[in-house]
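What follows is a set of notes on a single structure, which appears directly below.
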Amino acid sequence: MAIELPAVRILIVDDDRAICDYMQTLLERDGYQVKALSDPTQVESEIRTGGYHLLILDLMMPHLDGVGLCRRLRDDATTAGIPVVMMSAASPPDSPEHLWDAFLLKPTPIARLLKMIRTLLEKPRRDPERLHALE
C-alpha cells in the first residue's frame, strides 16, 4: 500500500491575472496545490485559512506592494515562518531587512522557479524569534 504524502500548498500573489494563471497552471502540473490571487489585500485572510507552505509575491502591486505585504506577514507569528519568493521585473529594493527568502527577476524560466521552490521547501522553516532578534 502506497503512503500518500500531503500536498504542498503554494499561494501566488500578482496583480497581473495572466501571470497568476500561467504560474498556477505550471506549478499544478508539477504536483503542487496552488491558489492565485490578483488582489494583495486578500492575502492576509487567505493565508490564515489556506495552510500554505510557500508564497510567491510580486514586488510591484497597487494598494499593497510586495515589500509591505511581506513585512506584515513577517510581523505576524502565524505567518512569519512561511518561505517567500519575491518576483519582479525590477531590481530588488535596497533594504537591511531580510523579508523574503529568494528574489527572482521576471521573466524567470519555470525550471529555475521550480528549483527555488524545492530548495526553500527542503530548508527548515524560518524562526520568527531569531528574525526579530536580528532586527
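The chains in the C-alpha cells are called A, B, ... from first to last as shown; in each chain the residues are counted from 1, and the ligands are counted from 1 in the order shown.
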Every residue of chain A that DSSP places in strand (DSSP E or B), as an mmCIF file with C-alpha atoms, in the first residue's frame:
data_model
loop_
_atom_site.group_PDB
_atom_site.id
_atom_site.type_symbol
_atom_site.label_atom_id
_atom_site.label_comp_id
_atom_site.auth_asym_id
_atom_site.auth_seq_id
_atom_site.Cartn_x
_atom_site.Cartn_y
_atom_site.Cartn_z
ATOM 1 C CA ARG A 9 0.186 24.333 -0.990
ATOM 2 C CA ILE A 10 1.505 27.454 -2.726
ATOM 3 C CA LEU A 11 -0.093 30.892 -2.846
ATOM 4 C CA ILE A 12 0.748 33.176 -5.781
ATOM 5 C CA VAL A 13 0.030 36.908 -5.477
ATOM 6 C CA GLN A 33 -1.792 22.684 -4.947
ATOM 7 C CA VAL A 34 -1.914 26.322 -5.995
ATOM 8 C CA LYS A 35 -4.157 29.291 -5.405
ATOM 9 C CA ALA A 36 -3.555 32.567 -7.193
ATOM 10 C CA LEU A 37 -4.746 35.985 -6.081
ATOM 11 C CA LEU A 54 5.209 28.773 0.354
ATOM 12 C CA LEU A 55 4.286 32.185 -1.078
ATOM 13 C CA ILE A 56 5.219 33.734 -4.416
ATOM 14 C CA LEU A 57 4.726 37.510 -4.330
ATOM 15 C CA ASP A 58 5.031 40.197 -6.961
ATOM 16 C CA VAL A 84 8.561 33.761 0.371
ATOM 17 C CA VAL A 85 9.778 34.038 -3.209
ATOM 18 C CA MET A 86 9.627 37.660 -4.349
ATOM 19 C CA MET A 87 9.438 38.235 -8.104
ATOM 20 C CA SER A 88 9.725 41.413 -10.150
ATOM 21 C CA ALA A 102 14.547 34.401 -2.574
ATOM 22 C CA PHE A 103 14.271 37.075 -5.246
ATOM 23 C CA LEU A 104 13.778 36.188 -8.911
ATOM 24 C CA LEU A 105 13.716 38.582 -11.846
#
Would you please give, as a short mmCIF file (atom, residue, chain, number, x, y, z; two decimals) with C-alpha atoms, in the first residue's frame, all residues of chain A that DSSP assigns to alpha helix (DSSP H) based on the backbone?
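New file states.cif:
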data_model
loop_
_atom_site.label_atom_id
_atom_site.label_comp_id
_atom_site.auth_asym_id
_atom_site.auth_seq_id
_atom_site.Cartn_x
_atom_site.Cartn_y
_atom_site.Cartn_z
CA ARG A 17 -4.08 37.87 -13.66
CA ALA A 18 -2.41 36.35 -16.75
CA ILE A 19 0.82 35.78 -14.80
CA CYS A 20 -1.16 34.24 -11.92
CA ASP A 21 -2.96 31.85 -14.26
CA TYR A 22 0.22 30.90 -16.12
CA MET A 23 2.23 30.16 -12.96
CA GLN A 24 -0.70 28.33 -11.37
CA THR A 25 -1.02 26.02 -14.38
CA LEU A 26 2.71 25.26 -14.47
CA LEU A 27 3.00 24.64 -10.73
CA GLU A 28 -0.09 22.42 -10.69
CA ARG A 29 1.45 20.34 -13.48
CA VAL A 43 -3.69 37.68 1.13
CA GLU A 44 -3.69 38.02 4.90
CA SER A 45 -7.12 36.46 5.34
CA GLU A 46 -6.41 33.78 2.73
CA ILE A 47 -3.10 32.74 4.22
CA ARG A 48 -4.59 32.19 7.68
CA THR A 49 -7.17 29.75 6.32
CA GLY A 50 -5.22 28.12 3.50
CA GLY A 66 5.26 43.02 -2.09
CA VAL A 67 7.59 44.65 0.46
CA GLY A 68 4.72 45.96 2.58
CA LEU A 69 2.87 42.67 2.35
CA CYS A 70 5.96 40.67 3.22
CA ARG A 71 6.68 42.96 6.20
CA ARG A 72 3.14 42.39 7.53
CA LEU A 73 3.48 38.63 7.12
CA ARG A 74 6.86 38.58 8.88
CA ILE A 110 9.97 27.87 -14.89
CA ALA A 111 12.78 25.38 -14.25
CA ARG A 112 14.57 27.99 -12.13
CA LEU A 113 11.39 28.79 -10.20
CA LEU A 114 10.72 25.09 -9.56
CA LYS A 115 14.29 24.57 -8.36
CA MET A 116 13.97 27.55 -6.00
CA ILE A 117 10.67 26.23 -4.63
CA ARG A 118 12.16 22.79 -3.96
CA THR A 119 15.19 24.34 -2.28
CA LEU A 120 13.08 26.52 0.02
CA LEU A 121 10.71 23.70 0.92
CA GLU A 122 13.65 21.50 1.93
CA PRO A 128 10.36 34.15 13.97
CA GLU A 129 12.15 34.63 17.32
CA ARG A 130 15.53 34.63 15.61
CA LEU A 131 14.34 37.04 12.92
CA HIS A 132 13.12 39.59 15.45
CA ALA A 133 16.33 39.22 17.45
CA LEU A 134 18.34 40.19 14.35
#
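Distance check against Glu97 in chain A using only C-alpha atoms: of A:His53, A:Asp14, A:Asp75, A:Ile82, the minimum falls on A:Asp75.
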If you measure from CA of Asp15 in chain A to CA of Gly31 in chain A, what distance in Å do you get, rounded to one decimal?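 Answer for the CA of Asp15 in chain A to CA of Gly31 in chain A separation: 23.8 Å.
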